[in-house]
Protein chains: 2
Amino acid sequence: MWYGRTMGIKTLEWKKGKLYLLDQTKLPEEETYVACSTYQEVAQAIKNMIVRGAPAIGVAAGFGMVLGARHATRKSLDSFSKHLDQVARSLISTRPTAVNLIWAVERMQKFARQRVSEGSHDLEGDLEKEALRIMEEDLQACREMGRQGQVFIPDGASLLTHCNAGALATAGYGTALGVIRAAREAGKRVHVYVDETRPFLQGSRLTAWELMKDRIPCTLITDNMAGWLMYQGKIHLVITGADRIAANGDAANKIGTYSLALLCHAHRIPFYVAAPLSTIDLSTAKGDRIPIEQRSPAEIINILGRRIAPEGVKVLNPAFDVTPHRFISAIITERGIVQKPYRSNLKKVFQRAGTRDDDPTLIG
Amino acid sequence: MWYGRTMGIKTLEWKKGKLYLLDQTKLPEEETYVACSTYQEVAQAIKNMIVRGAPAIGVAAGFGMVLGARHATRKSLDSFSKHLDQVARSLISTRPTAVNLIWAVERMQKFARQRVSEGSHDLEGDLEKEALRIMEEDLQACREMGRQGQVFIPDGASLLTHCNAGALATAGYGTALGVIRAAREAGKRVHVYVDETRPFLQGSRLTAWELMKDRIPCTLITDNMAGWLMYQGKIHLVITGADRIAANGDAANKIGTYSLALLCHAHRIPFYVAAPLSTIDLSTAKGDRIPIEQRSPAEIINILGRRIAPEGVKVLNPAFDVTPHRFISAIITERGIVQKPYRSNLKKVFQRAGTRDDDPTLIG
């Protein structure tokens with residue numbers, strides 16, 4: 001029973017009551033899996049970026065809740081709830097920026113309470129099914145984002161993506177890379193510039209690896225080359241994922257996204273964000289309210305265990321930045337393409353039923 | 001007899017007829033020197049970036065010409081000239097973008113021809129003196145740029161520099177870092193953000209190392225963080241060096257400079273270039289005529305000998321980009337601060353005598 005399989009990439013797998021995670025810290029050199037039997041192991045794997053990408057850590061946290069509920073006392077609804085709250089806090093505290101983590105954990109919490117109060121006889125089985133539903137829905141959302149968003153990619157387009165918003169960042173298929181995959185499936189020729197995405201190198205280690213597996217033509221560049229390629233007319237559009245989209249459309253994403261979006265704006269190049277509804281946080285009014293995770297200086301000072309900066313150097317390592325909504329040409333979701341003004345149209349997209357028509361759905 | 005010594009950093013040294021180069025590929029882990037006894041060794045050291053930085057490779061090439069003349073036949077002026085032309089071509093072909101290399105080699109060529117035609121009895125000694133003059137003039141130019149340019153740095157400023165335009169890129173003191181050093185010597189407090197400058201990591205390996213040696217407060221960031229810091233108001237100005245400045249003020253510099261200059265423009269932050277006259281190439285009309293060196297994909301695929309991208313990935317590795325003159329707030333030279341319009345004012349700066357007054361000299 002393998003899940004999350006897309007084009008040969010299995011990011012997460014739930015098998016016989018354990019969560020198996022493709023170890024993304026080891027790619028592309030090694031394809032190995034880490035098995036998690038406890039919620040603490042899942043939390044550790046999220047913190048250490050063995051699994052990363054907003055949708056994927058949401059899915060992983062869902063299974064973390066299954067594992068966390070396994071050994072919970074069920075003497076009373078109250079004591080069970082308290083235990084599960086503690087599991088939830090532990091999972092949520094691993095990474096503060098991506099809202100999908102909070103979203104998935106809260107969904108599991110709510111579902112568990114409901115099933116307990118309904119007198120479930122197989123709570124673990126129920127929770128397992130809910131976590132699998134989250135996973136399946138994420139995969140479906142990616143395919144739907146692809147179907148909707150691929151209209152923005154002209155035949156012969158040369159585009160840039162930042163970080164990894166691919167099968168490795170989701171249950172499969174990917175958000176930004178899902179849109180690129182869908183464009184290819186629609187018969188379009190594309191060329192993808194992949195920026196390496198320092199410090200964690202998600203671009204060179206993960207996105208280039210994923211695209212090459214799918215035989216999608218790509219060229220690796222360093223982050224500081226993107227603007228120069230835009231100046232030369234070599235990039236026709238940029239598409240990224242997101243870790244949290246505020247109610248006004250401001251989008252937190254991997255550090256460097258802000259600069260890319262501004263460079264797009266200055267060069268009159270469209271900048272698209274592809275993200276499922278689980279990434280949109282209407283309770284956060286604007287981007288400046290999104291907490292930005294600061295990660296260890298070690299990620300910048302060392303590469304693959306070798307030192308590249310002087311001993312004792314001071315380092316700043318914000319893992320994300322926030323792109324102001326005015327720089328975002330459109331937000332591609334599984335329920336349609338959200339246009340400006342985002343404050344009203346992001347609300348509308350939540351009110352829509354799922355779409356299954358062939359044409360893309362424009363919100364706004 | 002040590003030359004190029006600044007704050008304990010000896011970038012180049014000419015001793016007993018050999019050129020010693022601080023091996024910049026090994027910093028900051030090791031401080032070792034490479035000795036060059038032939039012009040071919042100097043050419044190889046420039047090509048492999050054992051010595052780098054536009055002014056420093058100019059100085060190194062000057063000594064390369066001394067070594068190249070050493071074993072030249074002097075049967076006739078014609079045969080000597082032919083030999084020296086070949087040495088010159090070999091040195092110039094190592095790196096196409098920085099004009100200082102061409103400038104220094106042509107100056108040595110011209111000087112040699114003149115001394116031969118004058119019937120010099122000690123041509124090697126004459127050439128040695130000329131190469132030492134180039135070195136000494138470069139150091140003086142850096143100090144003068146510092147004196148002139150430091151007026152742009154307010155007390156308490158937080159500034160960003162890209163790549164390494166320091167003692168390691170010159171005969172000593174530095175161009176952009178020279179301006180920062182002069183501001184410190186004038187009693188101003190500064191904080192320097194150093195971006196790591198992928199792929200060669202001149203920022204993290206060289207600039208951070210240099211600033212820490214001088215106890216100048218600095219913080220290391222990845223290249224893709226600069227825009228986000230500007231958005232947050234944390235960067236008050238940016239100062240870089242240059243590898244070639246065209247007659248209209250367009251400036252080639254390390255890849256990533258273009259994006260920084262555009263980001264400065266968008267955030268209304270001044271962007272300064274500090275470069276000696278030997279970097280200004282009035283024979284190149286505009287930036288798009290400057291040849292841009294493409295370096296090996298290996299620089300991006302490997303870090304310290306370890307692979308960070310999938311086997312067989314396609315890579316683009318332009319070593320430089322060109323910043324359009326409109327994004328440059330002023331060009332700081334050893335003869336004064338050149339203001340817009342650059343086409344007329346860059347011509348003027350060449351017509352000026354050296355300045356020794358206390359106030360900065362404004363051209364334009």
# chains A, B, ... in the order shown; residues from 1 in each chain; ligands from 1
>>> select_by_dssp(residues="segment 2-136 of chain A", states="strand (DSSP E)", output="list in words")
Arg5, Thr6, Ile9, Lys10, Leu12, Glu13, Trp14, Lys15, Lys18, Leu19, Tyr20, Leu21, Leu22, Tyr33, Val34, Ala35 and Cys36 of chain A
>>> interface_residues(of="chain A", to="chain B", cutoff="9 Å", atoms="only C-alpha atoms", output="NGL selection string")
:A and (27-29 or 196-199 or 201 or 203-206 or 208-209 or 212 or 217-228 or 231 or 255-260 or 262-263 or 266 or 300-301 or 303-304 or 306-311 or 313-318 or 321-322)
>>> residues_around(residues="segment 34-47 of chain A", least_positions_apart="3", cutoff="6 Å", atoms="only C-alpha atoms", output="ChimeraX atom specification")
/A:18-21,50-51,64,67-68,91,94
>>> write_last_selection(atoms="N, CA and C atoms", output="mmCIF file, in the first residue's frame")
data_model
loop_
_atom_site.group_PDB
_atom_site.id
_atom_site.type_symbol
_atom_site.label_atom_id
_atom_site.label_comp_id
_atom_site.auth_asym_id
_atom_site.auth_seq_id
_atom_site.Cartn_x
_atom_site.Cartn_y
_atom_site.Cartn_z
ATOM 1 N N LYS A 18 2.909 2.571 10.464
ATOM 2 C CA LYS A 18 4.085 3.436 10.588
ATOM 3 C C LYS A 18 4.116 4.423 9.431
ATOM 4 N N LEU A 19 4.725 5.606 9.693
ATOM 5 C CA LEU A 19 4.886 6.607 8.632
ATOM 6 C C LEU A 19 6.318 6.523 8.099
ATOM 7 N N TYR A 20 6.425 6.288 6.807
ATOM 8 C CA TYR A 20 7.742 6.248 6.158
ATOM 9 C C TYR A 20 7.935 7.539 5.376
ATOM 10 N N LEU A 21 9.046 8.189 5.632
ATOM 11 C CA LEU A 21 9.333 9.470 4.973
ATOM 12 C C LEU A 21 10.602 9.349 4.135
ATOM 13 N N ILE A 50 13.512 16.379 7.258
ATOM 14 C CA ILE A 50 13.508 15.091 6.553
ATOM 15 C C ILE A 50 12.297 15.093 5.620
ATOM 16 N N VAL A 51 11.172 15.628 6.116
ATOM 17 C CA VAL A 51 10.032 15.947 5.269
ATOM 18 C C VAL A 51 9.852 17.466 5.344
ATOM 19 N N GLY A 64 1.117 11.971 12.329
ATOM 20 C CA GLY A 64 1.669 12.186 13.665
ATOM 21 C C GLY A 64 0.565 12.142 14.710
ATOM 22 N N LEU A 67 -0.458 8.548 15.351
ATOM 23 C CA LEU A 67 0.521 7.897 16.235
ATOM 24 C C LEU A 67 0.408 8.430 17.657
ATOM 25 N N GLY A 68 0.125 9.735 17.793
ATOM 26 C CA GLY A 68 -0.005 10.348 19.110
ATOM 27 C C GLY A 68 -1.226 9.842 19.865
ATOM 28 N N LEU A 91 3.563 18.864 17.712
ATOM 29 C CA LEU A 91 3.709 18.825 16.254
ATOM 30 C C LEU A 91 3.725 20.236 15.671
ATOM 31 N N THR A 94 6.964 22.559 15.797
ATOM 32 C CA THR A 94 8.181 22.226 15.050
ATOM 33 C C THR A 94 8.546 23.300 14.036
#
>>> closest_residue(among="A:Arg189, A:Arg295, A:His162, A:Lys234", to="Ala176 of chain A", atoms="only C-alpha atoms")
A:His162
>>> residues_around(residues="segment 283-289 of chain A", least_positions_apart="4", cutoff="6 Å", atoms="only C-alpha atoms", output="MDAnalysis selection string")
chainID A and resid 246:248 250
>>> atom_distance(atom1="atom CA of Val349 of chain B", atom2="atom CA of Cys264 of chain B")
25.6 Å
>>> atom_distance(atom1="atom CA of Ile280 of chain A", atom2="atom CA of Met145 of chain A")
14.1 Å
>>> select_by_dssp(residues="segment 4-161 of chain B", states="helix (DSSP H, G or I)", output="VMD selection string")
chain B and resid 39 to 47 54 to 70 77 to 92 99 to 117 123 to 152
>>> residues_around(residues="segment 127-131 of chain B", least_positions_apart="5", cutoff="12 Å", atoms="only C-alpha atoms", output="PDB file with N, CA, C and O atoms, in the first residue's frame")
ATOM      1  N   TYR B   3      54.695  43.138   0.065  1.00  0.00           N
ATOM      2  CA  TYR B   3      53.804  44.158  -0.482  1.00  0.00           C
ATOM      3  C   TYR B   3      52.364  43.711  -0.297  1.00  0.00           C
ATOM      4  O   TYR B   3      52.098  42.531  -0.109  1.00  0.00           O
ATOM      5  N   LEU B  12      49.140  39.548  -2.444  1.00  0.00           N
ATOM      6  CA  LEU B  12      50.202  39.241  -3.408  1.00  0.00           C
ATOM      7  C   LEU B  12      51.528  39.678  -2.808  1.00  0.00           C
ATOM      8  O   LEU B  12      51.603  40.699  -2.120  1.00  0.00           O
ATOM      9  N   GLU B  13      52.568  38.933  -3.128  1.00  0.00           N
ATOM     10  CA  GLU B  13      53.897  39.316  -2.661  1.00  0.00           C
ATOM     11  C   GLU B  13      54.899  39.012  -3.766  1.00  0.00           C
ATOM     12  O   GLU B  13      54.868  37.936  -4.369  1.00  0.00           O
ATOM     13  N   TRP B  14      55.786  39.964  -4.034  1.00  0.00           N
ATOM     14  CA  TRP B  14      56.865  39.760  -5.013  1.00  0.00           C
ATOM     15  C   TRP B  14      58.161  39.661  -4.228  1.00  0.00           C
ATOM     16  O   TRP B  14      58.557  40.597  -3.540  1.00  0.00           O
ATOM     17  N   LYS B  15      58.793  38.485  -4.261  1.00  0.00           N
ATOM     18  CA  LYS B  15      59.968  38.259  -3.420  1.00  0.00           C
ATOM     19  C   LYS B  15      60.981  37.445  -4.203  1.00  0.00           C
ATOM     20  O   LYS B  15      60.661  36.376  -4.709  1.00  0.00           O
ATOM     21  N   LYS B  16      62.192  37.970  -4.292  1.00  0.00           N
ATOM     22  CA  LYS B  16      63.292  37.288  -4.987  1.00  0.00           C
ATOM     23  C   LYS B  16      62.881  36.746  -6.355  1.00  0.00           C
ATOM     24  O   LYS B  16      63.115  35.587  -6.687  1.00  0.00           O
ATOM     25  N   GLY B  17      62.197  37.590  -7.090  1.00  0.00           N
ATOM     26  CA  GLY B  17      61.875  37.217  -8.463  1.00  0.00           C
ATOM     27  C   GLY B  17      60.757  36.210  -8.629  1.00  0.00           C
ATOM     28  O   GLY B  17      60.573  35.647  -9.710  1.00  0.00           O
ATOM     29  N   LYS B  18      59.997  35.976  -7.556  1.00  0.00           N
ATOM     30  CA  LYS B  18      58.830  35.097  -7.679  1.00  0.00           C
ATOM     31  C   LYS B  18      57.590  35.820  -7.160  1.00  0.00           C
ATOM     32  O   LYS B  18      57.681  36.666  -6.272  1.00  0.00           O
ATOM     33  N   LEU B  19      56.437  35.440  -7.735  1.00  0.00           N
ATOM     34  CA  LEU B  19      55.177  36.002  -7.264  1.00  0.00           C
ATOM     35  C   LEU B  19      54.512  35.005  -6.327  1.00  0.00           C
ATOM     36  O   LEU B  19      54.260  33.852  -6.698  1.00  0.00           O
ATOM     37  N   ALA B  56      43.345  43.035  -8.315  1.00  0.00           N
ATOM     38  CA  ALA B  56      44.387  42.070  -7.925  1.00  0.00           C
ATOM     39  C   ALA B  56      44.864  41.252  -9.121  1.00  0.00           C
ATOM     40  O   ALA B  56      46.069  40.969  -9.241  1.00  0.00           O
ATOM     41  N   GLY B  58      44.901  42.293 -12.134  1.00  0.00           N
ATOM     42  CA  GLY B  58      45.722  43.235 -12.909  1.00  0.00           C
ATOM     43  C   GLY B  58      47.144  43.264 -12.361  1.00  0.00           C
ATOM     44  O   GLY B  58      48.121  43.134 -13.117  1.00  0.00           O
ATOM     45  N   VAL B  59      47.267  43.405 -11.052  1.00  0.00           N
ATOM     46  CA  VAL B  59      48.588  43.443 -10.415  1.00  0.00           C
ATOM     47  C   VAL B  59      49.336  42.130 -10.669  1.00  0.00           C
ATOM     48  O   VAL B  59      50.517  42.130 -11.048  1.00  0.00           O
ATOM     49  N   ALA B  60      48.645  41.007 -10.501  1.00  0.00           N
ATOM     50  CA  ALA B  60      49.278  39.699 -10.719  1.00  0.00           C
ATOM     51  C   ALA B  60      49.769  39.573 -12.159  1.00  0.00           C
ATOM     52  O   ALA B  60      50.879  39.084 -12.420  1.00  0.00           O
ATOM     53  N   ALA B  61      48.940  40.039 -13.100  1.00  0.00           N
ATOM     54  CA  ALA B  61      49.318  39.937 -14.511  1.00  0.00           C
ATOM     55  C   ALA B  61      50.540  40.801 -14.812  1.00  0.00           C
ATOM     56  O   ALA B  61      51.373  40.447 -15.655  1.00  0.00           O
ATOM     57  N   GLY B  62      50.684  41.939 -14.118  1.00  0.00           N
ATOM     58  CA  GLY B  62      51.877  42.777 -14.262  1.00  0.00           C
ATOM     59  C   GLY B  62      53.131  41.963 -13.948  1.00  0.00           C
ATOM     60  O   GLY B  62      54.109  41.967 -14.720  1.00  0.00           O
ATOM     61  N   PHE B  63      53.097  41.229 -12.845  1.00  0.00           N
ATOM     62  CA  PHE B  63      54.245  40.383 -12.494  1.00  0.00           C
ATOM     63  C   PHE B  63      54.375  39.207 -13.467  1.00  0.00           C
ATOM     64  O   PHE B  63      55.481  38.739 -13.741  1.00  0.00           O
ATOM     65  N   GLY B  64      53.224  38.746 -13.985  1.00  0.00           N
ATOM     66  CA  GLY B  64      53.260  37.698 -15.012  1.00  0.00           C
ATOM     67  C   GLY B  64      54.068  38.161 -16.218  1.00  0.00           C
ATOM     68  O   GLY B  64      54.844  37.389 -16.805  1.00  0.00           O
ATOM     69  N   MET B  65      53.925  39.430 -16.577  1.00  0.00           N
ATOM     70  CA  MET B  65      54.682  40.001 -17.703  1.00  0.00           C
ATOM     71  C   MET B  65      56.182  40.047 -17.373  1.00  0.00           C
ATOM     72  O   MET B  65      57.022  39.811 -18.247  1.00  0.00           O
ATOM     73  N   VAL B  66      56.517  40.355 -16.118  1.00  0.00           N
ATOM     74  CA  VAL B  66      57.931  40.345 -15.707  1.00  0.00           C
ATOM     75  C   VAL B  66      58.510  38.940 -15.906  1.00  0.00           C
ATOM     76  O   VAL B  66      59.583  38.762 -16.494  1.00  0.00           O
ATOM     77  N   LEU B  67      57.775  37.952 -15.431  1.00  0.00           N
ATOM     78  CA  LEU B  67      58.239  36.566 -15.548  1.00  0.00           C
ATOM     79  C   LEU B  67      58.293  36.129 -17.009  1.00  0.00           C
ATOM     80  O   LEU B  67      59.197  35.388 -17.406  1.00  0.00           O
ATOM     81  N   GLY B  68      57.318  36.605 -17.801  1.00  0.00           N
ATOM     82  CA  GLY B  68      57.273  36.239 -19.220  1.00  0.00           C
ATOM     83  C   GLY B  68      58.434  36.832 -20.009  1.00  0.00           C
ATOM     84  O   GLY B  68      58.909  36.228 -20.985  1.00  0.00           O
ATOM     85  N   ALA B  69      58.894  38.019 -19.586  1.00  0.00           N
ATOM     86  CA  ALA B  69      59.998  38.684 -20.285  1.00  0.00           C
ATOM     87  C   ALA B  69      61.342  38.058 -19.928  1.00  0.00           C
ATOM     88  O   ALA B  69      62.314  38.170 -20.679  1.00  0.00           O
ATOM     89  N   ARG B  70      61.387  37.364 -18.804  1.00  0.00           N
ATOM     90  CA  ARG B  70      62.660  36.878 -18.261  1.00  0.00           C
ATOM     91  C   ARG B  70      63.413  35.984 -19.254  1.00  0.00           C
ATOM     92  O   ARG B  70      64.606  36.132 -19.439  1.00  0.00           O
ATOM     93  N   LEU B  84      56.692  38.773 -26.227  1.00  0.00           N
ATOM     94  CA  LEU B  84      55.915  39.431 -25.175  1.00  0.00           C
ATOM     95  C   LEU B  84      54.425  39.506 -25.539  1.00  0.00           C
ATOM     96  O   LEU B  84      53.568  39.412 -24.651  1.00  0.00           O
ATOM     97  N   ALA B 104      46.591  46.306 -17.282  1.00  0.00           N
ATOM     98  CA  ALA B 104      47.927  46.113 -16.694  1.00  0.00           C
ATOM     99  C   ALA B 104      48.874  45.473 -17.699  1.00  0.00           C
ATOM    100  O   ALA B 104      50.040  45.877 -17.825  1.00  0.00           O
ATOM    101  N   VAL B 105      48.374  44.485 -18.435  1.00  0.00           N
ATOM    102  CA  VAL B 105      49.218  43.790 -19.410  1.00  0.00           C
ATOM    103  C   VAL B 105      49.654  44.757 -20.513  1.00  0.00           C
ATOM    104  O   VAL B 105      50.831  44.803 -20.898  1.00  0.00           O
ATOM    105  N   GLU B 106      48.726  45.568 -21.003  1.00  0.00           N
ATOM    106  CA  GLU B 106      49.067  46.521 -22.073  1.00  0.00           C
ATOM    107  C   GLU B 106      50.028  47.596 -21.571  1.00  0.00           C
ATOM    108  O   GLU B 106      50.932  48.018 -22.300  1.00  0.00           O
ATOM    109  N   ARG B 107      49.852  48.003 -20.333  1.00  0.00           N
ATOM    110  CA  ARG B 107      50.784  48.984 -19.759  1.00  0.00           C
ATOM    111  C   ARG B 107      52.193  48.399 -19.690  1.00  0.00           C
ATOM    112  O   ARG B 107      53.173  49.073 -20.028  1.00  0.00           O
ATOM    113  N   MET B 108      52.309  47.156 -19.284  1.00  0.00           N
ATOM    114  CA  MET B 108      53.615  46.499 -19.204  1.00  0.00           C
ATOM    115  C   MET B 108      54.225  46.310 -20.600  1.00  0.00           C
ATOM    116  O   MET B 108      55.429  46.513 -20.794  1.00  0.00           O
ATOM    117  N   GLN B 109      53.367  45.942 -21.547  1.00  0.00           N
ATOM    118  CA  GLN B 109      53.821  45.748 -22.932  1.00  0.00           C
ATOM    119  C   GLN B 109      54.428  47.034 -23.505  1.00  0.00           C
ATOM    120  O   GLN B 109      55.510  47.047 -24.067  1.00  0.00           O
ATOM    121  N   LYS B 110      53.672  48.092 -23.336  1.00  0.00           N
ATOM    122  CA  LYS B 110      54.076  49.391 -23.852  1.00  0.00           C
ATOM    123  C   LYS B 110      55.390  49.850 -23.193  1.00  0.00           C
ATOM    124  O   LYS B 110      56.318  50.318 -23.861  1.00  0.00           O
ATOM    125  N   PHE B 111      55.445  49.653 -21.883  1.00  0.00           N
ATOM    126  CA  PHE B 111      56.625  50.048 -21.121  1.00  0.00           C
ATOM    127  C   PHE B 111      57.847  49.247 -21.573  1.00  0.00           C
ATOM    128  O   PHE B 111      58.938  49.797 -21.761  1.00  0.00           O
ATOM    129  N   ALA B 112      57.653  47.950 -21.783  1.00  0.00           N
ATOM    130  CA  ALA B 112      58.767  47.090 -22.200  1.00  0.00           C
ATOM    131  C   ALA B 112      59.302  47.520 -23.558  1.00  0.00           C
ATOM    132  O   ALA B 112      60.524  47.645 -23.753  1.00  0.00           O
ATOM    133  N   ARG B 113      58.382  47.750 -24.496  1.00  0.00           N
ATOM    134  CA  ARG B 113      58.803  48.168 -25.834  1.00  0.00           C
ATOM    135  C   ARG B 113      59.611  49.459 -25.763  1.00  0.00           C
ATOM    136  O   ARG B 113      60.641  49.611 -26.404  1.00  0.00           O
ATOM    137  N   GLN B 114      59.128  50.374 -24.944  1.00  0.00           N
ATOM    138  CA  GLN B 114      59.798  51.665 -24.799  1.00  0.00           C
ATOM    139  C   GLN B 114      61.208  51.493 -24.230  1.00  0.00           C
ATOM    140  O   GLN B 114      62.175  52.040 -24.752  1.00  0.00           O
ATOM    141  N   ARG B 115      61.328  50.662 -23.189  1.00  0.00           N
ATOM    142  CA  ARG B 115      62.633  50.467 -22.561  1.00  0.00           C
ATOM    143  C   ARG B 115      63.592  49.741 -23.496  1.00  0.00           C
ATOM    144  O   ARG B 115      64.784  50.051 -23.543  1.00  0.00           O
ATOM    145  N   VAL B 116      63.057  48.775 -24.264  1.00  0.00           N
ATOM    146  CA  VAL B 116      63.912  48.070 -25.225  1.00  0.00           C
ATOM    147  C   VAL B 116      64.411  49.052 -26.278  1.00  0.00           C
ATOM    148  O   VAL B 116      65.608  49.099 -26.588  1.00  0.00           O
ATOM    149  N   SER B 120      67.599  49.675 -22.897  1.00  0.00           N
ATOM    150  CA  SER B 120      67.740  49.353 -21.476  1.00  0.00           C
ATOM    151  C   SER B 120      68.786  48.260 -21.245  1.00  0.00           C
ATOM    152  O   SER B 120      68.872  47.291 -21.998  1.00  0.00           O
ATOM    153  N   HIS B 121      69.588  48.419 -20.217  1.00  0.00           N
ATOM    154  CA  HIS B 121      70.594  47.409 -19.884  1.00  0.00           C
ATOM    155  C   HIS B 121      70.071  46.434 -18.843  1.00  0.00           C
ATOM    156  O   HIS B 121      70.698  45.430 -18.559  1.00  0.00           O
ATOM    157  N   ASP B 122      68.937  46.763 -18.235  1.00  0.00           N
ATOM    158  CA  ASP B 122      68.367  45.875 -17.206  1.00  0.00           C
ATOM    159  C   ASP B 122      66.855  45.831 -17.387  1.00  0.00           C
ATOM    160  O   ASP B 122      66.096  46.370 -16.581  1.00  0.00           O
ATOM    161  N   GLU B 136      51.783  49.363  -6.185  1.00  0.00           N
ATOM    162  CA  GLU B 136      51.769  50.472  -5.230  1.00  0.00           C
ATOM    163  C   GLU B 136      50.654  51.473  -5.573  1.00  0.00           C
ATOM    164  O   GLU B 136      49.940  51.955  -4.692  1.00  0.00           O
ATOM    165  N   GLU B 137      50.505  51.756  -6.861  1.00  0.00           N
ATOM    166  CA  GLU B 137      49.446  52.686  -7.284  1.00  0.00           C
ATOM    167  C   GLU B 137      48.062  52.143  -6.932  1.00  0.00           C
ATOM    168  O   GLU B 137      47.161  52.894  -6.571  1.00  0.00           O
ATOM    169  N   ASP B 138      47.897  50.820  -7.067  1.00  0.00           N
ATOM    170  CA  ASP B 138      46.599  50.226  -6.742  1.00  0.00           C
ATOM    171  C   ASP B 138      46.283  50.406  -5.262  1.00  0.00           C
ATOM    172  O   ASP B 138      45.166  50.766  -4.887  1.00  0.00           O
ATOM    173  N   ALA B 171      45.599  45.190  -4.348  1.00  0.00           N
ATOM    174  CA  ALA B 171      46.930  45.110  -3.743  1.00  0.00           C
ATOM    175  C   ALA B 171      46.846  45.292  -2.222  1.00  0.00           C
ATOM    176  O   ALA B 171      47.821  45.052  -1.513  1.00  0.00           O
TER     177      ALA B 171
END
>>> atom_distance(atom1="atom CA of Gly233 of chain A", atom2="atom CA of Gly249 of chain B")
21.9 Å
>>> closest_residue(among="B:Gly166, B:Pro270, B:Gly172, B:Gly178", to="Thr333 of chain B", atoms="only C-alpha atoms")
B:Gly178
>>> residues_around(residues="Leu237 of chain A", least_positions_apart="4", cutoff="7 Å", atoms="only C-alpha atoms", output="ChimeraX atom specification")
/A:159-160,269-271
>>> write_last_selection(atoms="N, CA and C atoms", output="PDB file, in the first residue's frame")
ATOM      1  N   LEU A 159      10.377  29.131 -17.827  1.00  0.00           N
ATOM      2  CA  LEU A 159       9.911  29.655 -16.545  1.00  0.00           C
ATOM      3  C   LEU A 159      10.887  29.316 -15.444  1.00  0.00           C
ATOM      4  N   LEU A 160      10.718  30.019 -14.340  1.00  0.00           N
ATOM      5  CA  LEU A 160      11.593  29.816 -13.184  1.00  0.00           C
ATOM      6  C   LEU A 160      10.755  29.375 -12.004  1.00  0.00           C
ATOM      7  N   ILE A 269       7.106  40.604 -15.687  1.00  0.00           N
ATOM      8  CA  ILE A 269       6.990  39.154 -15.875  1.00  0.00           C
ATOM      9  C   ILE A 269       5.940  38.657 -14.872  1.00  0.00           C
ATOM     10  N   PRO A 270       4.982  37.819 -15.296  1.00  0.00           N
ATOM     11  CA  PRO A 270       3.981  37.353 -14.325  1.00  0.00           C
ATOM     12  C   PRO A 270       4.604  36.484 -13.227  1.00  0.00           C
ATOM     13  N   PHE A 271       4.083  36.653 -12.024  1.00  0.00           N
ATOM     14  CA  PHE A 271       4.528  35.873 -10.875  1.00  0.00           C
ATOM     15  C   PHE A 271       3.308  35.180 -10.269  1.00  0.00           C
TER      16      PHE A 271
END
